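Q: If it helps, the file is called query22.cif and holds mmCIF, C-alpha atoms and all ligand atoms:
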```cif
data_data
#
loop_
_atom_site.label_atom_id
_atom_site.label_comp_id
_atom_site.auth_asym_id
_atom_site.auth_seq_id
_atom_site.Cartn_x
_atom_site.Cartn_y
_atom_site.Cartn_z
CA MET A 1 -14.68 -10.04 -18.03
CA ILE A 2 -12.64 -10.17 -14.83
CA HIS A 3 -11.64 -6.82 -13.35
CA THR A 4 -8.38 -7.08 -11.42
CA CYS A 5 -8.41 -4.25 -8.92
CA GLY A 6 -6.34 -2.98 -5.99
CA HIS A 7 -7.35 -0.84 -3.04
CA LYS A 8 -8.49 2.79 -2.80
CA ILE A 9 -5.65 5.32 -3.04
CA PRO A 10 -3.68 2.72 -4.98
CA ASP A 11 0.01 2.24 -4.25
CA SER A 12 2.52 0.59 -6.58
CA ASP A 13 1.70 -2.88 -5.27
CA SER A 14 -2.00 -2.40 -6.10
CA ILE A 15 -1.30 -0.96 -9.56
CA VAL A 16 1.31 -3.52 -10.61
CA ALA A 17 -0.51 -6.52 -9.11
CA ALA A 18 -3.64 -5.53 -11.07
CA ILE A 19 -1.60 -5.43 -14.29
CA ALA A 20 0.22 -8.71 -13.60
CA MET A 21 -2.96 -10.52 -12.51
CA ALA A 22 -4.87 -9.37 -15.60
CA TYR A 23 -2.02 -10.66 -17.77
CA LEU A 24 -1.99 -14.01 -15.94
CA GLN A 25 -5.78 -14.42 -16.13
CA ASN A 26 -5.76 -13.70 -19.87
CA LYS A 27 -3.01 -16.31 -20.33
CA LEU A 28 -5.17 -18.78 -18.40
CA GLY A 29 -8.01 -18.12 -20.87
CA ASN A 30 -10.05 -15.86 -18.60
CA GLU A 31 -10.67 -12.48 -20.21
CA ALA A 32 -9.41 -9.87 -17.76
CA LYS A 33 -8.72 -6.15 -17.52
CA ALA A 34 -6.62 -4.26 -14.96
CA VAL A 35 -8.42 -1.37 -13.27
CA ARG A 36 -7.69 1.07 -10.44
CA GLN A 37 -9.83 2.94 -7.92
CA GLY A 38 -7.83 6.17 -7.86
CA ASP A 39 -5.00 8.34 -9.15
CA ILE A 40 -1.57 6.96 -9.98
CA ASN A 41 1.00 8.21 -7.44
CA PRO A 42 4.42 9.53 -8.58
CA GLU A 43 6.22 6.31 -7.64
CA SER A 44 3.80 4.14 -9.60
CA GLN A 45 4.10 6.51 -12.57
CA TYR A 46 7.87 6.12 -12.42
CA ILE A 47 7.47 2.33 -12.55
CA LEU A 48 4.97 2.43 -15.43
CA ASP A 49 7.23 4.78 -17.42
CA LYS A 50 10.35 2.74 -16.71
CA PHE A 51 8.82 -0.46 -18.04
CA ASN A 52 6.55 1.08 -20.69
CA LEU A 53 3.35 -0.23 -19.16
CA GLN A 54 -0.16 1.18 -19.54
CA ALA A 55 -1.84 2.43 -16.37
CA PRO A 56 -4.89 0.38 -15.39
CA GLU A 57 -8.18 2.05 -16.34
CA LEU A 58 -9.91 4.17 -13.66
CA MET A 59 -13.06 2.43 -12.46
CA THR A 60 -15.00 2.95 -9.24
CA SER A 61 -18.31 1.11 -9.74
CA PHE A 62 -18.46 -2.67 -9.99
CA SER A 63 -22.09 -3.68 -9.53
CA GLY A 64 -22.70 -7.00 -11.31
CA LYS A 65 -19.04 -7.25 -12.40
CA ASP A 66 -16.57 -10.07 -11.84
CA MET A 67 -13.68 -8.90 -9.67
CA TYR A 68 -10.31 -10.28 -8.63
CA LEU A 69 -9.15 -8.24 -5.63
CA VAL A 70 -5.43 -7.55 -5.32
CA ASP A 71 -3.64 -6.14 -2.26
CA PHE A 72 -6.77 -5.71 -0.09
CA ASN A 73 -9.62 -7.69 1.41
CA ASN A 74 -11.71 -5.28 3.46
CA TYR A 75 -14.69 -2.99 2.85
CA THR A 76 -13.00 0.24 3.96
CA GLU A 77 -10.59 0.10 1.00
CA ALA A 78 -13.13 -1.34 -1.44
CA PRO A 79 -15.40 0.31 -4.02
CA GLU A 80 -18.70 1.44 -2.43
CA ASP A 81 -20.72 -1.18 -4.35
CA LEU A 82 -18.39 -4.14 -3.78
CA LYS A 83 -21.29 -6.00 -2.11
CA ASP A 84 -23.04 -6.04 -5.51
CA ALA A 85 -19.98 -7.32 -7.36
CA ASN A 86 -18.98 -10.95 -7.86
CA ILE A 87 -15.64 -11.57 -6.14
CA ILE A 88 -14.02 -14.49 -7.91
CA GLY A 89 -10.63 -14.24 -6.23
CA ILE A 90 -8.35 -12.44 -3.78
CA VAL A 91 -4.57 -12.21 -3.80
CA ASP A 92 -3.35 -10.32 -0.77
CA HIS A 93 -0.92 -10.02 2.15
CA HIS A 94 -3.04 -8.14 4.72
CA LYS A 95 -4.98 -9.29 7.75
CA LEU A 96 -8.48 -10.50 7.01
CA GLY A 97 -10.91 -7.61 7.09
CA GLY A 98 -14.37 -9.12 7.26
CA LEU A 99 -15.22 -9.50 3.58
CA VAL A 100 -18.21 -11.70 2.75
CA THR A 101 -18.58 -13.36 -0.66
CA ALA A 102 -21.63 -14.84 -2.38
CA GLY A 103 -19.79 -17.85 -3.74
CA PRO A 104 -16.58 -19.84 -3.46
CA LEU A 105 -13.44 -18.03 -4.58
CA ASP A 106 -9.76 -18.41 -5.36
CA CYS A 107 -7.92 -17.13 -2.32
CA TRP A 108 -4.19 -16.51 -2.33
CA ILE A 109 -3.37 -14.83 0.98
CA ARG A 110 0.07 -15.13 2.51
CA ALA A 111 2.02 -13.34 5.24
CA VAL A 112 4.70 -11.97 2.92
CA GLY A 113 5.92 -8.44 2.23
CA CYS A 114 4.11 -7.76 -1.01
CA THR A 115 1.16 -8.94 -3.08
CA ASN A 116 3.39 -9.16 -6.14
CA THR A 117 5.45 -11.82 -4.37
CA ILE A 118 2.32 -13.99 -4.26
CA VAL A 119 1.41 -13.10 -7.86
CA LYS A 120 4.85 -14.38 -8.93
CA GLU A 121 4.12 -17.63 -7.08
CA MET A 122 0.84 -17.85 -9.01
CA PHE A 123 2.70 -17.49 -12.33
CA ASP A 124 5.00 -20.32 -11.23
CA TYR A 125 2.08 -22.46 -10.05
CA TYR A 126 0.28 -22.10 -13.39
CA GLU A 127 3.58 -22.35 -15.31
CA VAL A 128 3.06 -19.07 -17.16
CA GLU A 129 6.08 -17.03 -18.24
CA ILE A 130 6.26 -13.43 -17.04
CA PRO A 131 7.16 -10.84 -19.70
CA ALA A 132 10.30 -8.83 -18.85
CA ASP A 133 8.45 -5.50 -18.51
CA ILE A 134 5.87 -6.88 -16.09
CA ALA A 135 8.59 -8.73 -14.14
CA GLY A 136 10.52 -5.45 -13.75
CA ALA A 137 7.45 -3.65 -12.46
CA MET A 138 6.65 -6.50 -10.04
CA MET A 139 10.22 -6.33 -8.76
CA CYS A 140 9.81 -2.59 -8.12
CA ALA A 141 6.52 -3.15 -6.29
CA ILE A 142 8.22 -5.59 -3.92
CA LEU A 143 11.13 -3.19 -3.34
CA SER A 144 8.58 -0.47 -2.56
CA ASP A 145 6.39 -2.50 -0.19
CA THR A 146 9.38 -3.98 1.64
CA VAL A 147 11.34 -0.67 1.70
CA ILE A 148 14.19 -2.38 -0.18
CA PHE A 149 14.01 -5.38 2.21
CA LYS A 150 14.35 -3.20 5.34
CA SER A 151 10.75 -3.46 6.50
CA PRO A 152 9.91 -6.04 9.19
CA THR A 153 7.20 -7.24 6.77
CA CYS A 154 9.88 -8.51 4.37
CA THR A 155 10.38 -12.28 4.27
CA LYS A 156 12.94 -14.58 2.67
CA VAL A 157 10.34 -15.36 0.02
CA ASP A 158 10.20 -11.70 -0.96
CA THR A 159 13.97 -11.37 -1.37
CA LYS A 160 14.21 -14.63 -3.33
CA ILE A 161 11.39 -13.66 -5.67
CA THR A 162 12.75 -10.13 -6.16
CA LYS A 163 15.99 -11.68 -7.42
CA GLU A 164 14.10 -14.03 -9.74
CA LEU A 165 12.08 -11.13 -11.15
CA ALA A 166 15.24 -9.01 -11.59
CA ALA A 167 16.78 -11.87 -13.60
CA ILE A 168 13.69 -12.11 -15.85
CA ALA A 169 13.76 -8.32 -16.34
CA ASN A 170 17.51 -8.36 -17.01
CA ILE A 171 18.24 -5.98 -14.14
CA GLU A 172 21.51 -6.33 -12.28
CA ASP A 173 21.48 -3.60 -9.66
CA PHE A 174 17.90 -3.79 -8.41
CA LYS A 175 18.73 -2.00 -5.15
CA ALA A 176 19.85 1.05 -7.16
CA ILE A 177 16.44 1.10 -8.87
CA GLY A 178 14.85 0.80 -5.42
CA MET A 179 16.74 3.88 -4.20
CA GLU A 180 15.82 5.74 -7.39
CA MET A 181 12.16 4.98 -6.62
CA PHE A 182 12.41 6.28 -3.07
CA LYS A 183 14.03 9.46 -4.38
CA VAL A 184 11.00 9.96 -6.61
CA LYS A 185 8.83 9.38 -3.56
CA SER A 186 10.83 11.95 -1.60
CA GLN A 187 9.90 14.81 -3.92
CA VAL A 188 7.44 16.84 -1.90
CA GLU A 189 8.31 20.38 -3.00
CA GLY A 190 5.37 22.26 -4.47
CA VAL A 191 2.95 19.42 -3.77
CA PRO A 192 -0.26 20.60 -2.02
CA THR A 193 -0.33 19.63 1.67
CA ARG A 194 -3.55 17.62 1.44
CA GLU A 195 -2.17 15.68 -1.52
CA LEU A 196 0.84 14.67 0.59
CA VAL A 197 -1.36 13.66 3.53
CA LEU A 198 -3.53 11.47 1.31
CA ARG A 199 -0.78 10.08 -0.94
CA ASP A 200 -0.62 6.79 0.93
CA PHE A 201 -3.53 6.93 3.35
CA LYS A 202 -5.57 4.14 4.91
CA ASN A 203 -8.73 4.24 7.01
CA PHE A 204 -9.24 1.81 9.87
CA GLU A 205 -12.10 0.89 12.19
CA MET A 206 -10.48 0.05 15.51
CA HIS A 207 -13.18 -1.48 17.71
CA GLY A 208 -15.66 1.08 16.40
CA THR A 209 -13.19 4.00 16.49
CA LYS A 210 -12.35 5.68 13.18
CA VAL A 211 -8.62 6.10 12.63
CA GLY A 212 -6.82 7.33 9.51
CA ILE A 213 -3.12 6.71 9.00
CA GLY A 214 -1.03 8.20 6.21
CA GLN A 215 2.60 7.46 5.45
CA LEU A 216 5.30 9.24 3.46
CA GLU A 217 8.52 7.28 3.01
CA VAL A 218 11.52 9.43 2.19
CA VAL A 219 15.31 9.29 2.14
CA ASP A 220 15.79 12.37 4.34
CA LEU A 221 13.32 13.86 6.84
CA SER A 222 14.78 17.37 6.53
CA ILE A 223 12.60 17.87 3.41
CA PHE A 224 9.67 18.23 5.82
CA ASP A 225 11.28 20.99 7.93
CA ASP A 226 9.44 23.84 6.21
CA ILE A 227 6.09 22.11 5.81
CA LYS A 228 5.69 20.11 9.01
CA ASP A 229 3.46 22.72 10.69
CA ASP A 230 1.21 22.76 7.62
CA LEU A 231 1.00 18.97 7.67
CA ILE A 232 0.03 18.97 11.36
CA ALA A 233 -2.65 21.61 10.76
CA ASP A 234 -3.95 19.64 7.79
CA ILE A 235 -4.27 16.28 9.54
CA GLU A 236 -6.23 18.05 12.30
CA ALA A 237 -8.50 19.58 9.64
CA LEU A 238 -8.86 16.18 7.94
CA ARG A 239 -9.69 14.54 11.28
CA GLU A 240 -12.55 16.99 11.80
CA GLU A 241 -13.82 16.80 8.20
CA THR A 242 -13.97 13.00 8.27
CA SER A 243 -15.15 12.73 11.90
CA CYS A 244 -12.19 10.53 12.72
CA ASP A 245 -11.05 10.09 16.31
CA THR A 246 -7.43 10.05 15.23
CA VAL A 247 -5.38 10.87 12.15
CA LEU A 248 -1.68 10.03 12.11
CA LEU A 249 0.88 10.86 9.46
CA LEU A 250 4.04 8.78 9.47
CA LEU A 251 7.06 10.60 8.08
CA THR A 252 9.29 7.60 7.56
CA ASP A 253 13.03 7.97 7.08
CA ILE A 254 14.12 4.81 5.28
CA ILE A 255 17.81 5.57 5.81
CA ALA A 256 17.70 6.57 9.51
CA MET A 257 15.16 3.73 9.99
CA GLY A 258 12.38 5.33 11.97
CA SER A 259 9.28 7.48 11.72
CA GLN A 260 8.41 10.95 12.94
CA ILE A 261 4.71 10.53 13.64
CA LEU A 262 2.44 13.56 13.40
CA VAL A 263 -0.65 13.33 15.57
CA ALA A 264 -4.19 14.72 15.41
CA THR A 265 -6.32 12.99 18.00
CA LYS A 266 -9.06 13.05 20.59
CA SER A 267 -7.39 10.08 22.29
CA LEU A 268 -3.99 11.33 23.36
CA ASN A 269 -3.75 8.85 26.23
CA GLU A 270 -4.35 5.91 23.91
CA ILE A 271 -1.67 7.11 21.51
CA GLU A 272 0.87 7.63 24.29
CA ASN A 273 0.05 4.26 25.86
CA ALA A 274 0.31 2.41 22.55
CA TRP A 275 4.06 2.96 22.39
CA ASP A 276 4.78 4.28 25.88
CA ILE A 277 5.87 7.65 24.49
CA LYS A 278 5.08 11.32 25.06
CA VAL A 279 3.56 13.37 22.26
CA GLN A 280 5.20 16.78 22.11
CA ASN A 281 4.17 19.54 19.70
CA ASP A 282 1.73 17.04 18.15
CA GLN A 283 4.48 14.59 17.20
CA PHE A 284 6.85 11.90 18.39
CA TRP A 285 9.74 9.86 17.02
CA LEU A 286 9.28 6.10 16.76
CA LYS A 287 12.67 4.50 16.37
CA GLY A 288 12.83 1.55 13.99
CA CYS A 289 9.32 2.12 12.68
CA LEU A 290 9.03 1.53 8.94
CA SER A 291 5.78 -0.42 8.70
CA ARG A 292 2.28 0.93 9.34
CA LYS A 293 0.95 -2.61 9.07
CA LYS A 294 3.29 -4.25 11.58
CA GLN A 295 4.56 -1.46 13.82
CA VAL A 296 1.64 0.96 14.08
CA VAL A 297 -1.77 -0.68 13.60
CA PRO A 298 -1.23 -3.68 15.95
CA PHE A 299 -0.07 -1.36 18.76
CA LEU A 300 -2.82 1.20 18.36
CA GLU A 301 -5.79 -1.08 17.74
CA PRO A 302 -5.86 -2.74 21.23
CA GLN A 303 -5.93 0.72 22.85
CA PHE A 304 -9.44 1.26 21.49
CA LYS A 305 -10.80 -2.02 22.81
CA LYS A 306 -13.65 -1.21 25.17
MN MN B 401 0.87 -4.30 -0.64
#
```
Written as structure tokens, how would this file's structure read?
Ligand SMILES: [Mn+2]
A:
Amino acid sequence: MIHTCGHKIPDSDSIVAAIAMAYLQNKLGNEAKAVRQGDINPESQYILDKFNLQAPELMTSFSGKDMYLVDFNNYTEAPEDLKDANIIGIVDHHKLGGLVTAGPLDCWIRAVGCTNTIVKEMFDYYEVEIPADIAGAMMCAILSDTVIFKSPTCTKVDTKITKELAAIANIEDFKAIGMEMFKVKSQVEGVPTRELVLRDFKNFEMHGTKVGIGQLEVVDLSIFDDIKDDLIADIEALREETSCDTVLLLLTDIIAMGSQILVATKSLNEIENAWDIKVQNDQFWLKGCLSRKKQVVPFLEPQFKK
């Protein structure tokens, strides 16, 4: 049995790619099951409900199991016992993260905006038809990862494939569904602070320095006005609890196209040098910043090079 599995703190790309990959593997005659390493976030729940799909099963231990990794390829986002699992394939769109495998594997890694874009190419390669419900969910995952095509990570392949998936799913106005999704994402009222901080959170090792970066993508930053101080206090608490050097929280405004970045750090100079900015009241505005992967990590990482 192949377990198709996305990264820790799964986002919509990880959830939907696991579902789509399990479907494809089963069609190819390889028994497969979609699993997830963590809770379903509100956006992913919206997608699952919209297309009547079952959430992947929660599973966190994979010793001796066959795995197909989707949307990640590093140990920091992997199950603790990944080294004891048998990785038979990877489909991903992130930088290589130092994974070692025991045997040869199927590797589908491309510099596109979303794993589901590559999964669609796999369906085409193997000439397997995508059911309308799965196509709709894959379309949503691409709209989410590419911030409705606005992110610098978005490529022509992503937009082309989104349109193909929308046609399969019989959806005309896919951008309207994208906006609907980001409105769901923007609901922060009544949500515990720590839950917001960790909703889309990734850990990095930058030349031996531990850095955590969370991101909340919303349609209007004013929703954070009343809770910003709590968020700043909480990322500082999280930094201490996890012995991180730095924890950042990106409050990304997808309409104004930029991020208010909240900072908890022992390396203020490195943060300020990374973007040539001044941190004031534990925060700064980074104009044009929508992507943690392309506009944050590559600027910060070199600062920690010894
Ligand atoms: Mn992704």
Q: Can you tell me, as a list of chain:residue names, what residues are no more than 9 Å from Gly97 of chain A when counting only C-alpha atoms, ignoring any on the same chain fewer than 3 positions away?
A: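 Final neighbour list, sorted by chain and number: A:Phe72, A:Asn73, A:Asn74, A:Tyr75, A:Thr76, A:His94.
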Q: Produce as a list in words the set of residues near ligand MN 401 (chain B), where near means within 8 Å with all atoms listed in the file considered.
A: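 Residues satisfying the distance criterion: Asp11, Ser12, Asp13, Ser14, Asp71, Phe72, Asp92, His93, His94, Gly113, Cys114, Thr115, Asn116 and Asp145 of chain A.
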Q: List the neighbours of segment 210-221 of chain A out to 10 Å using all atoms listed in the file; skip same-chain residues closer than 4 positions along the sequence, and give me the result as JSON, numbers by chain.
A: {"A": [144, 147, 179, 181, 182, 183, 184, 185, 186, 187, 188, 196, 197, 198, 199, 200, 201, 202, 203, 204, 205, 206, 225, 235, 238, 239, 242, 243, 244, 245, 246, 247, 248, 249, 250, 251, 252, 253, 254, 255, 256, 257, 258, 259, 260, 261, 262, 263, 264, 265, 290, 291, 292, 296, 297, 300, 301, 304]}
Q: Neighbouring residues of segment 57-61 of chain A were defined as those with any atom within 10 Å, considering all atoms listed in the file; residues of the same chain fewer than 3 positions away were excluded. Please report them as a list in words.
A: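 Within the cut-off, the hits are His3, Cys5, Lys8, Lys33, Ala34, Val35, Arg36, Gln37, Gly38, Asp39, Ile40, Gln54, Gly64, Lys65, Ala78, Pro79, Glu80, Asp81, Leu82, Asp84 and Ala85 of chain A.
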Q: How many Å separate atom CA of Leu143 of chain A from atom CA of Leu105 of chain A?
A: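 According to the coordinates, atom CA of Leu143 of chain A and atom CA of Leu105 of chain A are separated by 28.7 Å.
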Q: Restricting the calculation to all atoms listed in the file, which member of A:Lys120, A:Ala18, A:Ser63, A:Asp234 is positioned closest to Arg194 of chain A?
A: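 Under the stated criterion, the closest residue is A:Asp234.
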